[in-house]
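Some notes on the structure that comes next.
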Amino acid sequence: MTSPSSAGHRPLGDGDWHASPDTLAAYARGQAGQADGADQADGAPAWSVEAHLAECPRCRSALSAHVAPERLARNRSVLLVRAALGDESRVKRALGRCGFPDHVLRLLAATPSLRLSWLLSVIGVLAVLAGEAAAARYGWIPAVGHGRVHAAGPGRIGGYPGQGLAPFLLVAPLLVLAGVAAAFLPAFNPAGRLEVAAPCSGFTLLLVRTVCALGTALVLVVAAAFVVPGPGWLPVALLLPSLALCAFALAAATVVDPRAAAVVAGILWAGPAAWLAVDHVPLLIAAPYAQLGCAAVLCAGVAVLLVRRDRFEWGWMR
Amino acid sequence: MSQGGGDRDDVALLRAAARGDEDALAALYDRHAGWLTVRLTRRCAQPDLVDHAVQDTFLALWREAGTYRGSGDVAAFVWGIGIRRLIDLTRREGGSRHLLAGRAERPQMVVSAEDQVLAGIEHGRLGQALADLSPELRAAIEATVLDGLTCAEAAVLLGVAEGTVKSRCHRARQALRAALAEPQAGPQAGQRAQRHRREAWGAP
Amino acid sequence: MDEMTLSVTTAAVRVDGLSRRYGAIRALDEVDLTLERGITGLLGPNGAGKTTLLSVLATVNEPDAGRVTAFGLDPRDAGERREIRRRLGYLPQELGYHRHFTVAGFLDYVAILKEITDRRRRAEEVARVLAAVGLERRARTRIRALSGGMRQRLGIAQALLGQPELLILDEPTAGLDPEQRLRSRELLSGLPGDPVVVLSTHQADDIAAICPKVIVLLQGRVHFAGTPAELAATAAGRVWAAGERDARAHLSWRGGDNRWRHVGDRPPAGAELVPPTVEDGYLLLSHAAGAR
């Protein structure tokens, strides 16, 4: 144990004092848990070195020489990558704090129908539809439909039940379908081949994406349905048709080309809905038998999807 | 590794990093990561944990450089973040149930006058007095005064109960006060020093 | 029999009778080959089936007939297929990117697909491959702002994530300038862990430079499998240099030394034999195959 005065210290007040290279080397060698024993130099000199380091940039950088350069370089590059990765959007950070694991968030970021631009477009379309429905309901514009147009006067709520709702009922489930289609169509997934060649289960990936896309789209559509003037049960009535449509599209995608599946699903909805609009009974979709029909399609679609889920492990590269 | 960042001082680099300047972050790293790694290694034997703590420290600087309100002692700021990150990681590894008070992002070091004296630049006598302490007492004093940790945090780092840390600090301060209060020379100094040493080396 | 079993156990990847068709077109026709550790080059013109073969090896496409075995695993079994994919790195021919992603974000995404769940390990891997392809300073750049060569390097980088044992690269040097091609040669020759590397290319000099083994694929069939020297040797005695063009040669062009180089069977007047290169061998083979 060397006395402090011989460890290269000088009395206070001398601004030129720097730790000697030996002192720094001895300090760098010391480790936690070895405070006593052979290296008694851990006592005062360690204190003095640390207190000095707090003041002296030169000795701090001299100390850097005692770390393996590869270790410093490795931590540096990892730090810069983590800094680059950490520049996420605020939404992602908020979701991260809610408990979503960050790898799920990263996978979802690759889904176009969860991006802000897509969501804003959907909101725009819904706003237009809701506006049209409100305007038709209150008679500001004639309601959509062939032939029997009831042009009610301003301020008078007239016409048939569901007047003006036809475009909204027609398009809203299609918007949900579009969101889900964007989650699994290869056209929207440029790195699809990488996903197939990766060990991550294709089916799991698809489920995560479509469920999130579905959920987001449904939230928007149901919220719009609350705003649109119409029967109170309208938001609920839209749920089953939207879900059934998406289940059908996904199930069909295990059998035929996914693009064809999405288009066919869209047409299978648009056809009857347009016909109902023409006949002025668009609200029939809320009738019990219609809802039951949708539920049946939903169950069948989910069953087919589960049975044929192996299809998603290979992708659609033909 | 020489000082990076050219002539810009640490505060300027921090402000640049707050604005998203990646080169400034790299320069801060080049200046401070070396000594931080060494200093943290003296507290933790696992190099993985030290590496993670160092990375996390500079990431925290990157994210929260905008909140730095200090007067210019960036090195102390860096150390405060670093040691608390290390404690966080040690706690998670060890599975200890201690809850640290508050978020360990901005260290609030409250230093009493007495502590300031104890932490002051070394004198021959203070150094000697410290060296005469037992390793356990010395470690407790180092953690609480030099590193600026609370007793709870120090307990996690040292792996003992919080009460043990408190009592060790108390005994260490007693011994140091007694040692510093003695007159410099004299034949009784040696005997008194002997007695204090016995006290200091008593059961923890 | 003993020799057969020996060769079966040492080959890392075996392909037997692989066939695949797209409608009426036979993209692959009874292909047999083996791949060992080290780099194998796949040489062939467009439409020869290189991309199809590589996509089948990468378990992205199913064969119509025949079988593939990688490290003793059969991709027809779901569990074994997943295990192959864990050891796989694949660069498809036209890799699309999510253009709004940053470079680091995209690599992070692929790392997640490769089941690297720990965030720190992912960052380490991303840092490692970025350094390997020289894109460290571009970690925060959006992909839409990258040049073609940088995107290609990014494609190689994502294939390297996770240190795969089977690395399949479809035209990795396409779009790279000469300096970058040299760098990628350096990169591919120095991969840790000595993986099985298959790369397809048009460029015979890439093959000659780094591939100890080369396979020539023409019209869906394997026409040659061996070392580059052997491929060059197939053209021995049929490559000449002369002062002028010869119309009867298969191929004739003026070389850098201002002399015409002919590849063919009938030497023009006044021509002298020159040592054949890998490219000469390939040209002769493809000409012969085309003539059939």
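FYI, nothing fancy with the structure tokens labels: chains A, B, ... in order, residues from 1 per chain, ligands from 1 as they appear.
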
Quiz item: Taking only C-alpha atoms into account, which residues of chain C are within 12 Å of chain B, as JSON, numbers by chain?
Solution: {"C": [119, 120, 121, 123, 124, 136, 137, 138, 139, 140]}

Resulting file, chosen residues, N, CA and C atoms, as a tab-separated table (two decimals), in the first residue's frame:
```
chain	number	residue	atom	x	y	z
C	119	ARG	N	-34.11	-7.70	-28.77
C	119	ARG	CA	-33.88	-6.43	-29.45
C	119	ARG	C	-32.40	-6.09	-29.58
C	120	ARG	N	-31.64	-6.39	-28.55
C	120	ARG	CA	-30.22	-6.04	-28.61
C	120	ARG	C	-29.50	-6.92	-29.62
C	121	ARG	N	-29.85	-8.21	-29.63
C	121	ARG	CA	-29.18	-9.10	-30.58
C	121	ARG	C	-29.49	-8.67	-31.99
C	123	ALA	N	-30.10	-5.63	-33.01
C	123	ALA	CA	-29.30	-4.43	-33.32
C	123	ALA	C	-27.87	-4.83	-33.62
C	124	GLU	N	-27.34	-5.79	-32.89
C	124	GLU	CA	-25.97	-6.23	-33.16
C	124	GLU	C	-25.86	-6.84	-34.55
C	136	GLU	N	-22.97	1.49	-43.31
C	136	GLU	CA	-23.18	1.95	-41.93
C	136	GLU	C	-23.69	3.37	-41.87
C	137	ARG	N	-23.21	4.22	-42.78
C	137	ARG	CA	-23.60	5.62	-42.66
C	137	ARG	C	-24.99	5.85	-43.23
C	138	ARG	N	-25.62	4.81	-43.73
C	138	ARG	CA	-26.92	4.98	-44.35
C	138	ARG	C	-28.03	4.38	-43.52
C	139	ALA	N	-27.74	4.10	-42.26
C	139	ALA	CA	-28.71	3.38	-41.45
C	139	ALA	C	-30.04	4.11	-41.36
C	140	ARG	N	-30.00	5.43	-41.35
C	140	ARG	CA	-31.24	6.17	-41.18
C	140	ARG	C	-31.84	6.63	-42.49
```

Please report, as a tab-separated table, each residue of chain A lying at most 8 Å from chain C, together with the nearest pair of atoms and the separation in Å rounded to one decimal; use only C-alpha atoms, and order rows by chain and ascending residue number.
```
residue	atom	partner	partner_atom	distance
A:Ser77	CA	C:Ala127	CA	5.8
A:Val78	CA	C:Glu124	CA	5.4
A:Val81	CA	C:Ala127	CA	6.0
A:Arg82	CA	C:Ala123	CA	6.1
A:Ala84	CA	C:Arg140	CA	5.2
A:Leu85	CA	C:Gly105	CA	5.9
A:His103	CA	C:Ile112	CA	6.3
A:Arg106	CA	C:Tyr109	CA	6.0
A:Leu107	CA	C:Tyr109	CA	6.4
A:Ala110	CA	C:His98	CA	6.8
A:Asn189	CA	C:His98	CA	7.6
A:Pro190	CA	C:Gly96	CA	4.4
A:Ala191	CA	C:Gly96	CA	5.2
A:Arg193	CA	C:Val60	CA	6.9
A:Leu194	CA	C:Tyr90	CA	7.1
A:Glu195	CA	C:Leu113	CA	6.6
A:Val196	CA	C:Val60	CA	6.0
A:Ala197	CA	C:Val60	CA	5.7
A:Ala198	CA	C:Arg85	CA	5.3
A:Pro199	CA	C:Arg85	CA	4.9
A:Cys200	CA	C:Leu113	CA	5.3
A:Trp314	CA	C:Val60	CA	6.1
A:Gly315	CA	C:Val60	CA	7.4
A:Met317	CA	C:Asn61	CA	6.7
A:Arg318	CA	C:Asn61	CA	7.4
```

With N, CA and C atoms kept, could you save the residues just selected as a CSV table (one decimal), in the first residue's frame?
```
chain,number,residue,atom,x,y,z
A,77,SER,N,-21.0,0.9,-33.1
A,77,SER,CA,-21.9,0.6,-34.2
A,77,SER,C,-23.3,0.2,-33.8
A,78,VAL,N,-23.3,-0.6,-32.7
A,78,VAL,CA,-24.6,-1.0,-32.2
A,78,VAL,C,-25.4,0.2,-31.7
A,81,VAL,N,-26.9,2.0,-34.7
A,81,VAL,CA,-28.0,1.3,-35.3
A,81,VAL,C,-29.3,1.5,-34.4
A,82,ARG,N,-29.1,1.3,-33.1
A,82,ARG,CA,-30.2,1.5,-32.2
A,82,ARG,C,-30.8,2.9,-32.2
A,84,ALA,N,-30.7,4.7,-34.9
A,84,ALA,CA,-31.4,4.8,-36.2
A,84,ALA,C,-32.8,4.1,-36.0
A,85,LEU,N,-32.8,3.0,-35.3
A,85,LEU,CA,-34.0,2.2,-35.2
A,85,LEU,C,-35.0,3.0,-34.3
A,103,HIS,N,-41.3,-6.2,-31.7
A,103,HIS,CA,-41.2,-6.9,-33.0
A,103,HIS,C,-42.5,-7.0,-33.7
A,106,ARG,N,-43.0,-3.7,-35.5
A,106,ARG,CA,-42.2,-3.6,-36.7
A,106,ARG,C,-42.9,-4.4,-37.8
A,107,LEU,N,-43.4,-5.6,-37.5
A,107,LEU,CA,-44.1,-6.4,-38.6
A,107,LEU,C,-45.3,-5.7,-39.1
A,110,ALA,N,-45.0,-2.9,-41.7
A,110,ALA,CA,-44.9,-3.3,-43.1
A,110,ALA,C,-46.3,-3.4,-43.8
A,189,ASN,N,-47.2,-6.2,-50.7
A,189,ASN,CA,-46.2,-6.7,-49.9
A,189,ASN,C,-44.9,-7.0,-50.7
A,190,PRO,N,-44.2,-6.0,-51.0
A,190,PRO,CA,-43.0,-6.1,-51.9
A,190,PRO,C,-42.0,-7.1,-51.4
A,191,ALA,N,-41.9,-7.3,-50.1
A,191,ALA,CA,-40.8,-8.2,-49.6
A,191,ALA,C,-41.4,-9.6,-49.3
A,193,ARG,N,-41.4,-12.4,-50.8
A,193,ARG,CA,-40.6,-13.6,-50.9
A,193,ARG,C,-39.7,-13.9,-49.7
A,194,LEU,N,-39.3,-12.7,-49.2
A,194,LEU,CA,-38.5,-12.9,-48.0
A,194,LEU,C,-39.3,-13.5,-46.8
A,195,GLU,N,-40.5,-13.1,-46.8
A,195,GLU,CA,-41.4,-13.6,-45.7
A,195,GLU,C,-41.6,-15.1,-45.9
A,196,VAL,N,-41.8,-15.5,-47.1
A,196,VAL,CA,-41.9,-16.9,-47.3
A,196,VAL,C,-40.7,-17.7,-46.9
A,197,ALA,N,-39.5,-17.2,-47.3
A,197,ALA,CA,-38.3,-17.9,-47.1
A,197,ALA,C,-37.8,-17.8,-45.6
A,198,ALA,N,-38.6,-17.1,-44.8
A,198,ALA,CA,-38.2,-17.0,-43.4
A,198,ALA,C,-38.8,-18.0,-42.5
A,199,PRO,N,-38.2,-18.3,-41.4
A,199,PRO,CA,-38.8,-19.3,-40.5
A,199,PRO,C,-40.1,-18.9,-39.8
A,200,CYS,N,-40.3,-17.5,-39.8
A,200,CYS,CA,-41.5,-17.1,-39.1
A,200,CYS,C,-42.7,-17.6,-39.8
A,314,TRP,N,-46.4,-21.2,-48.1
A,314,TRP,CA,-45.7,-21.2,-49.4
A,314,TRP,C,-45.9,-19.9,-50.1
A,315,GLY,N,-46.7,-19.1,-49.7
A,315,GLY,CA,-46.9,-17.9,-50.4
A,315,GLY,C,-47.6,-18.1,-51.8
A,317,MET,N,-46.2,-17.4,-54.9
A,317,MET,CA,-45.3,-17.3,-56.0
A,317,MET,C,-45.5,-18.4,-57.0
A,318,ARG,N,-45.9,-18.1,-58.1
A,318,ARG,CA,-46.1,-19.2,-59.1
A,318,ARG,C,-45.3,-18.9,-60.3
```

Quiz item: Taking the backbone alone, and naming residues the way the document does, which bits of region 49-132 of chain C are strand (DSSP E or B) by DSSP, as a PyMOL selection string?
Solution: chain C and resi 65-70+73+88-91+102

Self-check item: Pick from B:Thr150, B:His32, B:Leu180, B:Ala140, whichever lies nearest to chain A using only C-alpha atoms
Solution: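 Checking each candidate against chain A, we get B:His32 as the closest.
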
Quiz item: For Leu158 (chain B), which residue among B:Ala143, B:Ala53, B:Ala178, B:Ile83 is the nearest when counting only C-alpha atoms?
Solution: B:Ala143

Quiz prompt | Within 6 Å of Arg238 (chain C) using only C-alpha atoms, minus same-chain residues under 5 positions, as a list in words | solution =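 My reading of the contact set: Val263, Gly264 and Asp265 of chain C.
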
Practice problem: Quick one: everything within 9 Å of region 287-302 of chain A, counting only C-alpha atoms, minus sequence neighbours fewer than 6 positions away in the same chain. Send it as a PyMOL selection string. | Solution: chain A and resi 237+240-252

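Of the residues listed (A:Pro229, A:Asn75, A:Thr23, A:His18), A:Asn75 shows the shortest atom-to-atom separation from chain B; distances use only C-alpha atoms.
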
Practice problem: Fewer than 5 positions away in the same chain doesn't count, so skip those; otherwise give me all residues within 10 Å of Asp56 (chain B), counting only C-alpha atoms, as a PyMOL selection string. | Solution: (chain A and resi 79+82-83) or (chain B and resi 50-51+61-62+81-82+85-86)

Practice problem: Within 8 Å of region 63-67 of chain B, counting only C-alpha atoms, which residues show up once you throw out same-chain ones fewer than 6 positions away? Write them as number ranges by chain, please. | Solution: B: 14-15, 17-19

Exercise. Please identify all polymer residues within 9 Å of Gly34 (chain B), counting only C-alpha atoms, omitting same-chain residues fewer than 2 positions from it, and present them as a list in words.
Key: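 Neighbouring residues, sequence-local ones excluded: Arg60, Ser61, Ala62, Leu63, Ser64, Ala65, His66, Val67 and Leu72 of chain A; Met1, Tyr29, Asp30, Arg31, His32, Leu36, Thr37, Val38 and Arg39 of chain B.
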
Would you write out those residues with N, CA and C atoms, as a short mmCIF file (atom, residue, chain, number, x, y, z; two decimals), in the first residue's frame?
```cif
data_model
loop_
_atom_site.label_atom_id
_atom_site.label_comp_id
_atom_site.auth_asym_id
_atom_site.auth_seq_id
_atom_site.Cartn_x
_atom_site.Cartn_y
_atom_site.Cartn_z
N ARG A 60 -9.72 11.69 -18.96
CA ARG A 60 -10.82 10.81 -19.39
C ARG A 60 -10.48 10.15 -20.72
N SER A 61 -9.99 10.94 -21.66
CA SER A 61 -9.69 10.32 -22.94
C SER A 61 -8.46 9.44 -22.85
N ALA A 62 -7.54 9.76 -21.93
CA ALA A 62 -6.40 8.86 -21.74
C ALA A 62 -6.86 7.52 -21.23
N LEU A 63 -7.92 7.54 -20.44
CA LEU A 63 -8.44 6.28 -19.90
C LEU A 63 -9.04 5.40 -21.00
N SER A 64 -9.53 6.03 -22.06
CA SER A 64 -10.15 5.25 -23.14
C SER A 64 -9.20 4.23 -23.72
N ALA A 65 -7.91 4.54 -23.63
CA ALA A 65 -6.93 3.61 -24.21
C ALA A 65 -6.92 2.27 -23.51
N HIS A 66 -7.53 2.21 -22.32
CA HIS A 66 -7.51 0.96 -21.58
C HIS A 66 -8.69 0.05 -21.89
N VAL A 67 -9.51 0.44 -22.85
CA VAL A 67 -10.60 -0.43 -23.27
C VAL A 67 -10.23 -1.01 -24.64
N LEU A 72 -15.05 -1.13 -28.02
CA LEU A 72 -15.59 0.22 -28.19
C LEU A 72 -16.23 0.37 -29.55
N MET B 1 -7.80 6.52 -28.17
CA MET B 1 -8.83 7.24 -28.94
C MET B 1 -8.83 8.70 -28.54
N TYR B 29 -19.97 9.83 -27.98
CA TYR B 29 -19.55 8.48 -27.66
C TYR B 29 -18.04 8.38 -27.64
N ASP B 30 -17.41 8.90 -28.69
CA ASP B 30 -15.95 8.80 -28.77
C ASP B 30 -15.29 9.45 -27.57
N ARG B 31 -15.90 10.52 -27.07
CA ARG B 31 -15.28 11.21 -25.94
C ARG B 31 -15.51 10.51 -24.62
N HIS B 32 -16.70 9.97 -24.44
CA HIS B 32 -17.09 9.55 -23.09
C HIS B 32 -17.23 8.04 -22.89
N LEU B 36 -16.30 5.78 -19.37
CA LEU B 36 -17.53 5.23 -18.78
C LEU B 36 -17.44 3.72 -18.68
N THR B 37 -16.93 3.09 -19.73
CA THR B 37 -16.79 1.63 -19.71
C THR B 37 -15.86 1.20 -18.58
N VAL B 38 -14.72 1.89 -18.45
CA VAL B 38 -13.78 1.50 -17.39
C VAL B 38 -14.42 1.69 -16.03
N ARG B 39 -15.04 2.83 -15.85
CA ARG B 39 -15.58 3.14 -14.52
C ARG B 39 -16.71 2.19 -14.16
#
```
